[in-house]
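Q: Right, I'll just put the structure down here and ask away after.
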Amino acid sequence: MNLLRARVRRPGRLAAEASALLIAVVVAFPLYWMVLSAFKPAGEIESSEPRPWTRAPSLDSFRRVFGQQDFGRYFVNSLVVAGSVVLVSAFIAFLAATAVTRFRFRFRTTLLIMFLVAQMVPVEALTIPLFFQMRDFGLLNTLGSLILPHIAFSLPFAIWMLRGFVKAVPEALEEAAYLDGASRARFLWQILFPLVLPGLVATSVFSFISAWNDFLYAKSFIISDTSQSTLPMALLVFYKPDDPDWGGVMAASTVMTVPVLVFFVLVQRRLVSGLGGAVKD
């Protein structure tokens, strides 16, 4: 009977696997074309008959990218911005999620609803108000003008997601820790923090990607001091309306993708468990 059920379900399973494989190919093809174009010589990139392979791979595009004078500085600036956003937003989100979950206070529900409403506001609509705010704070042409907005935009999602992880920790565990003599701070950092760490990793991935790939704010807030520019701005060096260097653009985009892939590899296990916990919640 079980064997018969397995045979009946097998066509559906094969269809699901085939659909997943097709979707993966569609999603991965632009990445493949980007990397391929980065290794193609200029003649093949500009050819009127593009081919999904190259017979003469070249590193010329990467040489132009790494030979660009300020590329290394852009890379470091992007690391500073993305790293600061991840660390600060994770720290604040953890404390805020614990507060809205463990404590009862007025307007708690209203505050949670505001977190959701904040996620609905498009970042493009806030660019101009944020520009004037950064100007009033004296932060234009500094990395702070990129760090602060990204922290603000990543916090609502992070707090709402971490709330489920904090809520999943039994209150009996907290009471047992207090009976054993643990202070609130010790319970917070030595017991609760490790338990919600997968959720922190999951939210940190979204914060990292958002800050790393940001072009809008980098273009709007870094006006004259190019030494404070980030990697997305480096693409403009190779893109010229009259004579775009597509090889350089693709090579720079490939280099930009590598840190994101490394970050995913380092946190993939905790990311999967964190997303699984969010789904169960």
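Please note that chains go A, B, ... in the order of the structure tokens, that every chain numbers its residues from 1, and that ligands are numbered from 1 in the order shown.
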At a cut-off of 8 Å, using only C-alpha atoms, what residues contact range 244-255 of chain A? Leave out same-chain residues fewer than 3 positions from it and give the result as a ChimeraX atom specification.

A: /A:34-35,37-42,45,61-62,64-65,234-235,238-241,258-259

Q: Hey, can you spit out that residue selection with N, CA and C atoms as a tab-separated table (two decimals), in the first residue's frame?

A:
chain	number	residue	atom	x	y	z
A	34	MET	N	26.48	37.60	-16.24
A	34	MET	CA	27.32	38.65	-15.70
A	34	MET	C	28.77	38.18	-15.57
A	35	VAL	N	28.96	37.00	-14.99
A	35	VAL	CA	30.32	36.47	-14.82
A	35	VAL	C	30.95	36.16	-16.18
A	37	SER	N	30.31	37.61	-19.06
A	37	SER	CA	30.67	38.87	-19.73
A	37	SER	C	31.91	39.49	-19.11
A	38	ALA	N	32.12	39.26	-17.81
A	38	ALA	CA	33.31	39.80	-17.15
A	38	ALA	C	34.58	39.15	-17.69
A	39	PHE	N	34.47	37.90	-18.15
A	39	PHE	CA	35.64	37.18	-18.66
A	39	PHE	C	35.75	37.24	-20.18
A	40	LYS	N	34.75	37.78	-20.86
A	40	LYS	CA	34.81	37.87	-22.31
A	40	LYS	C	35.73	38.99	-22.75
A	41	PRO	N	36.46	38.81	-23.85
A	41	PRO	CA	37.20	39.94	-24.41
A	41	PRO	C	36.26	40.96	-25.01
A	42	ALA	N	36.76	42.16	-25.23
A	42	ALA	CA	35.90	43.26	-25.68
A	42	ALA	C	35.21	42.93	-26.99
A	45	ILE	N	32.07	40.83	-26.34
A	45	ILE	CA	31.01	41.56	-25.64
A	45	ILE	C	30.24	42.46	-26.60
A	61	SER	N	39.15	42.87	-18.19
A	61	SER	CA	38.13	43.67	-17.50
A	61	SER	C	38.45	43.77	-16.01
A	62	PHE	N	38.89	42.68	-15.41
A	62	PHE	CA	39.25	42.72	-13.99
A	62	PHE	C	40.48	43.58	-13.76
A	64	ARG	N	41.25	46.26	-15.41
A	64	ARG	CA	40.79	47.65	-15.45
A	64	ARG	C	40.07	48.02	-14.16
A	65	VAL	N	39.32	47.06	-13.61
A	65	VAL	CA	38.59	47.32	-12.36
A	65	VAL	C	39.57	47.55	-11.21
A	234	ALA	N	31.10	52.87	-8.00
A	234	ALA	CA	32.23	52.55	-8.85
A	234	ALA	C	31.78	52.10	-10.24
A	235	LEU	N	30.56	51.61	-10.33
A	235	LEU	CA	30.05	51.19	-11.64
A	235	LEU	C	29.94	52.37	-12.60
A	238	PHE	N	32.80	53.08	-15.04
A	238	PHE	CA	32.92	52.30	-16.28
A	238	PHE	C	31.73	52.49	-17.21
A	239	TYR	N	30.67	53.12	-16.71
A	239	TYR	CA	29.51	53.34	-17.56
A	239	TYR	C	29.50	54.78	-18.03
A	240	LYS	N	29.77	54.96	-19.31
A	240	LYS	CA	29.71	56.28	-19.93
A	240	LYS	C	28.68	56.22	-21.06
A	241	PRO	N	27.76	57.17	-21.08
A	241	PRO	CA	26.67	57.12	-22.08
A	241	PRO	C	27.18	56.97	-23.51
A	258	VAL	N	30.91	38.92	-4.81
A	258	VAL	CA	31.72	37.96	-4.04
A	258	VAL	C	31.53	38.11	-2.53
A	259	PRO	N	31.63	39.31	-1.94
A	259	PRO	CA	31.42	39.41	-0.48
A	259	PRO	C	30.05	38.93	-0.03

Q: Which residues, written as a list in words, have at least one atom at most 9 Å from range 166-177 of chain A, with only C-alpha atoms counted and residues fewer than 2 positions away on the same chain left out?

A: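 Residues near the query, excluding close chain neighbours: Phe94, Ala97, Thr98, Thr101, Arg102, Leu162, Arg163, Gly164, Leu179, Asp180, Gly181, Ala182, Ser183, Arg184, Arg186, Phe187, Ile191, Leu192, Phe193, Leu195, Val196 and Asp281 of chain A.
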
Q: What's the separation between CA of Ala99 in chain A and CA of Leu112 in chain A, in Å to one decimal place?

A: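 CA of Ala99 in chain A sits 11.4 Å away from CA of Leu112 in chain A.
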
Q: Grab the CA of Thr109 in chain A to CA of Gly199 in chain A distance for me, in Å with one decimal place.

A: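 These two atoms are separated by 21.5 Å.
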
Q: When you look at Leu146 in chain A with a cut-off of 12 Å (counting only C-alpha atoms), what residues show up, excluding the ones that are within fewer than 5 positions of it in the same chain? I need them as JSON, numbers by chain.

A: {"A": [77, 78, 79, 80, 81, 82, 83, 84, 85, 127, 130, 131, 134, 139, 140, 141, 151, 152, 153, 210, 211, 212, 213, 214, 215, 216, 217, 218, 219, 220, 221, 222, 228, 229, 230]}

Q: From the set A:Val27, A:Ile209, A:Ala18, A:Leu188, which residue has the shortest atom-to-atom contact distance to His150 in chain A, counting only C-alpha atoms?

A: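 Between A:Val27, A:Ile209, A:Ala18, A:Leu188, the residue approaching His150 in chain A most closely is A:Ile209.
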
Q: Once DSSP has gone over the backbone, tell me which residues of range 126-276 of chain A are in helix (DSSP H, G or I), as a PyMOL selection string.

A: chain A and resi 126-137+144-168+171-179+184-212+216-221+226-228+231-238+246-276

Q: Using only C-alpha atoms, which of the listed residues (A:Leu200, A:Thr142, A:Trp33, A:Ile23) sits closest to Ser224 in chain A?

A: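 Looking at the shortest contact to Ser224 in chain A, the residue is A:Thr142.
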
Q: Between CA of Arg73 in chain A and CA of Pro129 in chain A, what is the distance, to one decimal in Å?

A: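 For CA of Arg73 in chain A relative to CA of Pro129 in chain A, the distance reads 28.3 Å.
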
Q: Of the candidates A:Phe165, A:Phe157, A:Phe137, A:Tyr32, which shows the shortest atom-to-atom distance to Met114 in chain A, using only C-alpha atoms?

A: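 Closest residue, counting only C-alpha atoms: A:Phe157.
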